[in-house]
Amino acid sequence: MKHIVIVILLLISTLSFAQVDTTLLKRQQVDSTKQQLNMDAVYNRPFLSFGKLPVSVGGYAEVNWQHIGTDGVSEGHQFQMRRMTLFVASSISKKIKFLSEIEFEEGGKEIAIEFASLDVEFHPLFNLRGGIIMNPIGAFNQNHDGPKWEFTDRPIAATQMLPATWSNAGFGLFGKTYKNNWMFGYELYLSSGFDDAIIDNEEGKTFLPESKENAERFVESASGTPLTTAKIAIRNKKFGEIGLSYMGGIYNTFQDDGIVLNEKRRLNVFAIDYNTTLTKINTFITGEWVWINVDTPETYTQQYGDKQYGGFLDIVHPVLKQKMLGWDNATLNLACRLEYVDWNVGTFNETGDNIGDELCSIMPAITFRPTQQTVFRLNYRIQRQTDILNNAPAKLGGFSFGISTYF
């Protein structure tokens, strides 16, 4: 990883100090009139090419300020450089493409290759992908770029119930076709995946994001069996896009060197996502809902839930679109995000009372887009979260302001 970072920095510094003919630099614009699905998000980004070189580069950055408190206690003003992401893409030949996405989080404290795949096209409905892939569960995991969203925080259900952004080493097939107003797409991957950490962690509950800490998943599978991820999506120009996805497999290390250590335990995730634009008022609506089932050992206490569900809904309405502050096609939006997560669905065996560990959140927002590639976001979060015993919920609230832009 250090060598990758050094090479990238050397390339950037070389381009910075060299005498470059700027007329050779070309911004590859995204064709907004072309029919797109969520699965196209990895390539549906602005890239910068140089002359006839077969390599294009791009990226985005996010910087935020927030002042948030829980039950009246706050840590004061906080300034965050959440992430900076670099894209490097190459059309190796007419039907062979490569794309990588390298993310630097928390000022470079965490560096990860989120996506690095070789795509080979045999037919629009039959393409091979291999490398580090983003598992297509729900919509957000693949379509997660900060400048595309009106909120400084990523959805809680996608990051604290699901482990977005969730990527693994693997292979798979994908394709799409369209006719008139209809488009159909599919993806099917086999990859490495989860491990025992989802029920053996410091959170003290069933927590899928804990598997992100296991960097070994890029070189070996903890269970020795593949994680299967499949998705189908249908889009209609008038009604929008709906996606159905599944992710599942054995998650625990049930054997070592041929010696059986434990019984096989499965994890299954089902998701539905939807997005549309109400053409008469130009309001954009998007969201996803996820169900998780985990085979937890009978020896574990009930605080480790075997069922979870949750999701989010974003509503974005443009209130003004015109020339503003020197930008020709600027947009002022009003937005709101609704979120709900239940990490432990069910009741206590002893009393029949509902198990807590739930969260709900409302986040209104005002955003300004000088261009579609840059967004200024002002959010206010109202959040309530209960513990496993359903005690009075912790009340969280506060403002956040952020800027996110492609470059």
# chains A, B, ... in the order shown; residues from 1 in each chain; ligands from 1

$ residues_around --residues "segment 165-179 of chain A" --least-positions-apart "5" --cutoff "7 Å" --atoms "only C-alpha atoms" --output "NGL selection string"
:A and (114-115 or 124-135 or 141 or 184-193 or 217-218)

$ select_by_dssp --residues "segment 32-98 of chain A" --states "strand (DSSP E)" --output "number ranges by chain"
A: 47-50, 55-70, 73-74, 78-93, 96-98

$ write_last_selection --atoms "N, CA and C atoms" --output "tab-separated table (two decimals), in the first residue's frame"
chain	number	residue	atom	x	y	z
A	47	PHE	N	-13.95	12.29	-15.38
A	47	PHE	CA	-12.53	11.96	-15.45
A	47	PHE	C	-11.81	13.00	-16.29
A	48	LEU	N	-10.52	13.14	-16.03
A	48	LEU	CA	-9.67	14.04	-16.80
A	48	LEU	C	-8.66	13.21	-17.58
A	49	SER	N	-8.63	13.40	-18.90
A	49	SER	CA	-7.68	12.66	-19.74
A	49	SER	C	-6.61	13.62	-20.26
A	50	PHE	N	-5.47	13.08	-20.66
A	50	PHE	CA	-4.35	13.88	-21.13
A	50	PHE	C	-3.94	13.40	-22.52
A	55	VAL	N	-4.97	6.55	-20.11
A	55	VAL	CA	-5.31	6.60	-18.69
A	55	VAL	C	-6.02	7.91	-18.37
A	56	SER	N	-7.12	7.81	-17.61
A	56	SER	CA	-7.86	8.98	-17.14
A	56	SER	C	-7.85	8.98	-15.62
A	57	VAL	N	-7.87	10.17	-15.03
A	57	VAL	CA	-7.83	10.28	-13.58
A	57	VAL	C	-8.97	11.18	-13.10
A	58	GLY	N	-9.29	11.05	-11.83
A	58	GLY	CA	-10.33	11.86	-11.23
A	58	GLY	C	-10.36	11.61	-9.74
A	59	GLY	N	-11.39	12.10	-9.09
A	59	GLY	CA	-11.52	11.88	-7.67
A	59	GLY	C	-12.52	12.82	-7.05
A	60	TYR	N	-12.67	12.72	-5.73
A	60	TYR	CA	-13.52	13.66	-5.01
A	60	TYR	C	-13.00	13.81	-3.59
A	61	ALA	N	-13.46	14.88	-2.94
A	61	ALA	CA	-13.04	15.15	-1.57
A	61	ALA	C	-14.24	15.62	-0.76
A	62	GLU	N	-14.16	15.41	0.57
A	62	GLU	CA	-15.21	15.84	1.48
A	62	GLU	C	-14.58	16.46	2.72
A	63	VAL	N	-15.03	17.66	3.07
A	63	VAL	CA	-14.57	18.33	4.29
A	63	VAL	C	-15.79	18.87	5.03
A	64	ASN	N	-15.82	18.71	6.36
A	64	ASN	CA	-17.01	19.05	7.14
A	64	ASN	C	-16.67	19.79	8.42
A	65	TRP	N	-17.66	20.53	8.91
A	65	TRP	CA	-17.68	21.07	10.27
A	65	TRP	C	-18.96	20.58	10.93
A	66	GLN	N	-18.88	20.26	12.22
A	66	GLN	CA	-20.11	19.87	12.91
A	66	GLN	C	-20.06	20.30	14.37
A	67	HIS	N	-21.25	20.52	14.90
A	67	HIS	CA	-21.42	20.82	16.32
A	67	HIS	C	-22.65	20.02	16.77
A	68	ILE	N	-22.39	18.87	17.34
A	68	ILE	CA	-23.45	17.92	17.68
A	68	ILE	C	-23.31	17.50	19.14
A	69	GLY	N	-24.43	17.36	19.81
A	69	GLY	CA	-24.42	16.94	21.21
A	69	GLY	C	-25.41	15.83	21.47
A	70	THR	N	-25.14	15.05	22.52
A	70	THR	CA	-26.02	13.97	22.95
A	70	THR	C	-26.47	14.24	24.37
A	73	VAL	N	-24.83	17.19	26.00
A	73	VAL	CA	-23.37	17.18	26.13
A	73	VAL	C	-22.75	17.16	24.74
A	74	SER	N	-21.87	18.12	24.48
A	74	SER	CA	-21.25	18.23	23.16
A	74	SER	C	-19.74	18.33	23.28
A	78	GLN	N	-16.17	20.70	15.71
A	78	GLN	CA	-15.30	19.66	15.17
A	78	GLN	C	-15.12	19.89	13.67
A	79	PHE	N	-13.88	19.82	13.21
A	79	PHE	CA	-13.56	19.98	11.79
A	79	PHE	C	-12.98	18.67	11.28
A	80	GLN	N	-13.48	18.23	10.14
A	80	GLN	CA	-13.13	16.90	9.66
A	80	GLN	C	-12.80	16.92	8.17
A	81	MET	N	-11.71	16.27	7.84
A	81	MET	CA	-11.42	15.94	6.44
A	81	MET	C	-11.80	14.47	6.31
A	82	ARG	N	-13.06	14.23	5.99
A	82	ARG	CA	-13.59	12.87	6.02
A	82	ARG	C	-12.82	11.93	5.08
A	83	ARG	N	-12.71	12.37	3.83
A	83	ARG	CA	-12.08	11.47	2.86
A	83	ARG	C	-11.65	12.23	1.61
A	84	MET	N	-10.66	11.67	0.95
A	84	MET	CA	-10.28	12.07	-0.39
A	84	MET	C	-10.07	10.79	-1.19
A	85	THR	N	-10.71	10.74	-2.34
A	85	THR	CA	-10.68	9.52	-3.14
A	85	THR	C	-10.11	9.81	-4.52
A	86	LEU	N	-9.25	8.92	-4.99
A	86	LEU	CA	-8.64	9.05	-6.32
A	86	LEU	C	-9.16	7.94	-7.22
A	87	PHE	N	-9.51	8.30	-8.47
A	87	PHE	CA	-9.90	7.33	-9.49
A	87	PHE	C	-8.81	7.28	-10.56
A	88	VAL	N	-8.50	6.10	-11.00
A	88	VAL	CA	-7.62	5.92	-12.15
A	88	VAL	C	-8.27	4.89	-13.06
A	89	ALA	N	-8.58	5.28	-14.29
A	89	ALA	CA	-9.26	4.39	-15.24
A	89	ALA	C	-8.45	4.28	-16.52
A	90	SER	N	-8.58	3.15	-17.17
A	90	SER	CA	-7.85	2.93	-18.42
A	90	SER	C	-8.67	2.05	-19.35
A	91	SER	N	-8.80	2.50	-20.59
A	91	SER	CA	-9.38	1.66	-21.64
A	91	SER	C	-8.23	0.92	-22.32
A	92	ILE	N	-7.98	-0.28	-21.84
A	92	ILE	CA	-6.84	-1.05	-22.32
A	92	ILE	C	-7.02	-1.41	-23.79
A	93	SER	N	-8.23	-1.76	-24.14
A	93	SER	CA	-8.58	-1.98	-25.54
A	93	SER	C	-10.07	-1.71	-25.67
A	96	ILE	N	-11.81	-4.00	-23.12
A	96	ILE	CA	-11.16	-4.28	-21.84
A	96	ILE	C	-10.90	-2.97	-21.12
A	97	LYS	N	-11.44	-2.84	-19.91
A	97	LYS	CA	-11.29	-1.62	-19.13
A	97	LYS	C	-10.81	-1.93	-17.72
A	98	PHE	N	-10.12	-0.96	-17.16
A	98	PHE	CA	-9.66	-1.09	-15.77
A	98	PHE	C	-10.02	0.18	-15.03

$ closest_residue --among "A:Arg266, A:Lys148, A:Lys237, A:Lys109" --to "Asp195 of chain A" --atoms "only C-alpha atoms"
A:Arg266

$ closest_residue --among "A:Lys95, A:Ser223, A:Gln160, A:Lys52" --to "His123 of chain A" --atoms "only C-alpha atoms"
A:Lys95

$ residues_around --residues "Pro364 of chain A" --least-positions-apart "5" --cutoff "9 Å" --atoms "only C-alpha atoms" --output "MDAnalysis selection string"
chainID A and resid 151 334:338 378:382

$ write_last_selection --atoms "all heavy atoms" --output "short mmCIF file (atom, residue, chain, number, x, y, z; two decimals), in the first residue's frame"
data_model
loop_
_atom_site.label_atom_id
_atom_site.label_comp_id
_atom_site.auth_asym_id
_atom_site.auth_seq_id
_atom_site.Cartn_x
_atom_site.Cartn_y
_atom_site.Cartn_z
N PHE A 151 -26.18 15.13 1.90
CA PHE A 151 -26.00 15.02 3.33
C PHE A 151 -24.53 14.74 3.66
O PHE A 151 -23.86 13.97 2.96
CB PHE A 151 -26.89 13.91 3.89
CG PHE A 151 -28.34 14.11 3.56
CD1 PHE A 151 -28.89 13.57 2.41
CD2 PHE A 151 -29.14 14.90 4.37
CE1 PHE A 151 -30.22 13.78 2.07
CE2 PHE A 151 -30.47 15.13 4.05
CZ PHE A 151 -31.01 14.57 2.89
N LEU A 334 -33.83 21.96 -1.16
CA LEU A 334 -34.28 21.57 0.16
C LEU A 334 -34.33 20.05 0.18
O LEU A 334 -34.79 19.43 -0.79
CB LEU A 334 -35.66 22.15 0.47
CG LEU A 334 -35.76 23.66 0.65
CD1 LEU A 334 -37.20 24.05 0.95
CD2 LEU A 334 -34.84 24.13 1.78
N ALA A 335 -33.86 19.45 1.26
CA ALA A 335 -33.80 17.99 1.31
C ALA A 335 -34.11 17.50 2.72
O ALA A 335 -34.04 18.26 3.70
CB ALA A 335 -32.41 17.50 0.87
N CYS A 336 -34.44 16.22 2.80
CA CYS A 336 -34.68 15.60 4.10
C CYS A 336 -34.36 14.12 4.00
O CYS A 336 -34.71 13.47 3.00
CB CYS A 336 -36.12 15.79 4.54
SG CYS A 336 -36.45 15.20 6.22
N ARG A 337 -33.70 13.60 5.01
CA ARG A 337 -33.40 12.16 5.09
C ARG A 337 -34.09 11.57 6.31
O ARG A 337 -33.97 12.10 7.42
CB ARG A 337 -31.89 11.92 5.17
CG ARG A 337 -31.53 10.45 5.49
CD ARG A 337 -30.04 10.21 5.41
NE ARG A 337 -29.58 10.24 4.03
CZ ARG A 337 -28.29 10.22 3.67
NH1 ARG A 337 -27.35 10.22 4.61
NH2 ARG A 337 -27.95 10.25 2.40
N LEU A 338 -34.80 10.47 6.10
CA LEU A 338 -35.44 9.72 7.17
C LEU A 338 -34.70 8.40 7.32
O LEU A 338 -34.46 7.70 6.31
CB LEU A 338 -36.91 9.47 6.84
CG LEU A 338 -37.75 10.71 6.48
CD1 LEU A 338 -39.15 10.28 6.06
CD2 LEU A 338 -37.80 11.70 7.63
N LEU A 378 -25.74 22.05 4.32
CA LEU A 378 -26.03 22.42 5.70
C LEU A 378 -27.12 21.48 6.20
O LEU A 378 -28.24 21.50 5.69
CB LEU A 378 -26.48 23.87 5.81
CG LEU A 378 -26.86 24.35 7.22
CD1 LEU A 378 -25.66 24.27 8.17
CD2 LEU A 378 -27.44 25.76 7.18
N ASN A 379 -26.80 20.66 7.20
CA ASN A 379 -27.73 19.66 7.74
C ASN A 379 -27.98 19.89 9.21
O ASN A 379 -27.14 20.46 9.92
CB ASN A 379 -27.16 18.24 7.57
CG ASN A 379 -26.80 17.87 6.15
OD1 ASN A 379 -26.07 16.93 5.92
ND2 ASN A 379 -27.30 18.62 5.17
N TYR A 380 -29.15 19.43 9.68
CA TYR A 380 -29.43 19.38 11.10
C TYR A 380 -29.97 17.99 11.43
O TYR A 380 -30.95 17.56 10.84
CB TYR A 380 -30.44 20.44 11.53
CG TYR A 380 -30.64 20.47 13.03
CD1 TYR A 380 -29.73 21.14 13.84
CD2 TYR A 380 -31.69 19.78 13.63
CE1 TYR A 380 -29.88 21.15 15.23
CE2 TYR A 380 -31.85 19.79 15.01
CZ TYR A 380 -30.94 20.47 15.81
OH TYR A 380 -31.08 20.46 17.17
N ARG A 381 -29.31 17.30 12.35
CA ARG A 381 -29.72 15.94 12.69
C ARG A 381 -30.52 15.92 13.98
O ARG A 381 -30.12 16.49 14.99
CB ARG A 381 -28.51 15.01 12.83
CG ARG A 381 -28.90 13.57 13.17
CD ARG A 381 -27.67 12.68 13.35
NE ARG A 381 -27.01 12.41 12.10
CZ ARG A 381 -27.39 11.47 11.23
NH1 ARG A 381 -28.47 10.75 11.48
NH2 ARG A 381 -26.70 11.28 10.13
N ILE A 382 -31.66 15.22 13.94
CA ILE A 382 -32.47 14.91 15.12
C ILE A 382 -32.51 13.39 15.24
O ILE A 382 -33.09 12.72 14.38
CB ILE A 382 -33.89 15.48 15.00
CG1 ILE A 382 -33.86 16.98 14.72
CG2 ILE A 382 -34.70 15.18 16.26
CD1 ILE A 382 -35.19 17.56 14.33
#

$ residues_around --residues "Thr206 of chain A" --least-positions-apart "6" --cutoff "8 Å" --atoms "only C-alpha atoms" --output "PDB file with N, CA and C atoms, in the first residue's frame"
ATOM      1  N   ILE A 198     -18.272 -10.504  13.179  1.00  0.00           N
ATOM      2  CA  ILE A 198     -19.616  -9.921  13.187  1.00  0.00           C
ATOM      3  C   ILE A 198     -20.366 -10.276  14.473  1.00  0.00           C
ATOM      4  N   ILE A 199     -19.921 -11.338  15.193  1.00  0.00           N
ATOM      5  CA  ILE A 199     -20.527 -11.667  16.491  1.00  0.00           C
ATOM      6  C   ILE A 199     -19.478 -11.747  17.599  1.00  0.00           C
ATOM      7  N   ASP A 200     -18.272 -11.355  17.298  1.00  0.00           N
ATOM      8  CA  ASP A 200     -17.190 -11.356  18.293  1.00  0.00           C
ATOM      9  C   ASP A 200     -16.450 -10.034  18.157  1.00  0.00           C
ATOM     10  N   GLN A 303     -28.368 -10.411  23.425  1.00  0.00           N
ATOM     11  CA  GLN A 303     -27.900  -9.116  22.930  1.00  0.00           C
ATOM     12  C   GLN A 303     -27.269  -9.244  21.550  1.00  0.00           C
ATOM     13  N   TYR A 304     -26.955 -10.475  21.151  1.00  0.00           N
ATOM     14  CA  TYR A 304     -26.457 -10.729  19.794  1.00  0.00           C
ATOM     15  C   TYR A 304     -27.645 -11.177  18.950  1.00  0.00           C
ATOM     16  N   GLY A 305     -28.240 -10.244  18.257  1.00  0.00           N
ATOM     17  CA  GLY A 305     -29.453 -10.521  17.510  1.00  0.00           C
ATOM     18  C   GLY A 305     -29.203 -11.353  16.266  1.00  0.00           C
ATOM     19  N   ASP A 306     -30.200 -12.155  15.911  1.00  0.00           N
ATOM     20  CA  ASP A 306     -30.101 -12.932  14.679  1.00  0.00           C
ATOM     21  C   ASP A 306     -30.889 -12.299  13.537  1.00  0.00           C
ATOM     22  N   TRP A 343     -31.098  -3.080  15.300  1.00  0.00           N
ATOM     23  CA  TRP A 343     -29.992  -4.052  15.284  1.00  0.00           C
ATOM     24  C   TRP A 343     -30.368  -5.378  15.942  1.00  0.00           C
TER      25      TRP A 343
END

$ residues_around --residues "segment 347-350 of chain A" --least-positions-apart "5" --cutoff "9 Å" --atoms "only C-alpha atoms" --output "ChimeraX atom specification"
/A:302,355-356

$ closest_residue --among "A:Val375, A:Ala233, A:Ala222, A:Ala392" --to "Phe254 of chain A" --atoms "only C-alpha atoms"
A:Ala222

$ select_by_dssp --residues "segment 49-283 of chain A" --states "helix (DSSP H, G or I)" --output "list in words"
Glu106, Gly107, Gly108, Gly146, Pro147, Lys148, Ile156, Ala157, Ala158, Thr159, Gln160, Met161, Asp196, Ala197, Ile198, Leu208, Pro209, Glu210, Ser211, Lys212, Glu213, Ala215, Glu216, Arg217 and Phe218 of chain A

$ residues_around --residues "Lys264 of chain A" --least-positions-apart "4" --cutoff "8 Å" --atoms "only C-alpha atoms" --output "ChimeraX atom specification"
/A:250-254

$ residues_around --residues "Asp342 of chain A" --least-positions-apart "3" --cutoff "6 Å" --atoms "only C-alpha atoms" --output "mmCIF file with all heavy atoms, in the first residue's frame"
data_model
loop_
_atom_site.group_PDB
_atom_site.id
_atom_site.type_symbol
_atom_site.label_atom_id
_atom_site.label_comp_id
_atom_site.auth_asym_id
_atom_site.auth_seq_id
_atom_site.Cartn_x
_atom_site.Cartn_y
_atom_site.Cartn_z
ATOM 1 N N GLN A 308 -31.945 -8.325 11.852
ATOM 2 C CA GLN A 308 -31.806 -6.870 11.835
ATOM 3 C C GLN A 308 -32.517 -6.336 10.605
ATOM 4 O O GLN A 308 -32.634 -7.036 9.587
ATOM 5 C CB GLN A 308 -30.320 -6.457 11.771
ATOM 6 C CG GLN A 308 -29.464 -6.951 12.917
ATOM 7 C CD GLN A 308 -27.993 -6.573 12.756
ATOM 8 O OE1 GLN A 308 -27.499 -6.407 11.642
ATOM 9 N NE2 GLN A 308 -27.288 -6.446 13.869
ATOM 10 N N TYR A 309 -32.995 -5.108 10.689
ATOM 11 C CA TYR A 309 -33.487 -4.453 9.481
ATOM 12 C C TYR A 309 -33.424 -2.947 9.655
ATOM 13 O O TYR A 309 -33.341 -2.418 10.765
ATOM 14 C CB TYR A 309 -34.894 -4.910 9.086
ATOM 15 C CG TYR A 309 -35.994 -4.721 10.103
ATOM 16 C CD1 TYR A 309 -36.429 -3.454 10.508
ATOM 17 C CD2 TYR A 309 -36.649 -5.835 10.637
ATOM 18 C CE1 TYR A 309 -37.464 -3.297 11.409
ATOM 19 C CE2 TYR A 309 -37.688 -5.690 11.548
ATOM 20 C CZ TYR A 309 -38.094 -4.421 11.924
ATOM 21 O OH TYR A 309 -39.115 -4.268 12.825
ATOM 22 N N GLU A 358 -32.458 0.244 18.947
ATOM 23 C CA GLU A 358 -33.051 0.832 17.757
ATOM 24 C C GLU A 358 -32.627 2.292 17.620
ATOM 25 O O GLU A 358 -32.268 2.942 18.605
ATOM 26 C CB GLU A 358 -34.582 0.757 17.820
ATOM 27 C CG GLU A 358 -35.125 -0.649 17.969
ATOM 28 C CD GLU A 358 -36.634 -0.653 18.192
ATOM 29 O OE1 GLU A 358 -37.316 0.237 17.638
ATOM 30 O OE2 GLU A 358 -37.130 -1.527 18.926
#

$ decode --residues "segment 365-377 of chain A" --atoms "N, CA, C and O atoms" --output "CSV table (one decimal), in the first residue's frame"
chain,number,residue,atom,x,y,z
A,365,ALA,N,-32.2,19.4,5.4
A,365,ALA,CA,-30.9,20.0,4.8
A,365,ALA,C,-31.3,21.1,3.8
A,365,ALA,O,-32.3,21.1,3.2
A,366,ILE,N,-30.3,22.0,3.7
A,366,ILE,CA,-30.3,23.0,2.6
A,366,ILE,C,-29.0,22.9,1.9
A,366,ILE,O,-27.9,22.9,2.5
A,367,THR,N,-29.1,22.7,0.6
A,367,THR,CA,-27.8,22.5,-0.2
A,367,THR,C,-27.8,23.5,-1.3
A,367,THR,O,-28.8,23.9,-1.9
A,368,PHE,N,-26.6,23.8,-1.7
A,368,PHE,CA,-26.3,24.7,-2.9
A,368,PHE,C,-25.3,24.0,-3.8
A,368,PHE,O,-24.2,23.6,-3.3
A,369,ARG,N,-25.7,23.9,-5.0
A,369,ARG,CA,-24.8,23.3,-6.0
A,369,ARG,C,-24.5,24.3,-7.1
A,369,ARG,O,-25.3,24.6,-8.0
A,370,PRO,N,-23.3,24.9,-7.1
A,370,PRO,CA,-22.9,25.8,-8.1
A,370,PRO,C,-22.8,25.1,-9.5
A,370,PRO,O,-23.0,25.7,-10.5
A,371,THR,N,-22.4,23.8,-9.4
A,371,THR,CA,-22.4,22.9,-10.6
A,371,THR,C,-22.9,21.5,-10.0
A,371,THR,O,-22.9,21.3,-8.8
A,372,GLN,N,-23.2,20.6,-10.9
A,372,GLN,CA,-23.6,19.3,-10.4
A,372,GLN,C,-22.5,18.5,-9.8
A,372,GLN,O,-22.7,17.5,-9.2
A,373,GLN,N,-21.2,18.9,-10.0
A,373,GLN,CA,-20.1,18.2,-9.4
A,373,GLN,C,-19.6,18.7,-8.1
A,373,GLN,O,-18.8,18.1,-7.5
A,374,THR,N,-20.3,19.8,-7.6
A,374,THR,CA,-19.9,20.4,-6.3
A,374,THR,C,-21.1,20.7,-5.5
A,374,THR,O,-22.1,21.2,-6.0
A,375,VAL,N,-21.1,20.4,-4.2
A,375,VAL,CA,-22.2,20.6,-3.3
A,375,VAL,C,-21.8,21.2,-2.0
A,375,VAL,O,-20.8,20.7,-1.4
A,376,PHE,N,-22.5,22.3,-1.5
A,376,PHE,CA,-22.4,22.8,-0.2
A,376,PHE,C,-23.6,22.4,0.6
A,376,PHE,O,-24.7,22.6,0.2
A,377,ARG,N,-23.4,21.8,1.8
A,377,ARG,CA,-24.5,21.1,2.5
A,377,ARG,C,-24.6,21.6,3.9
A,377,ARG,O,-23.6,21.6,4.7
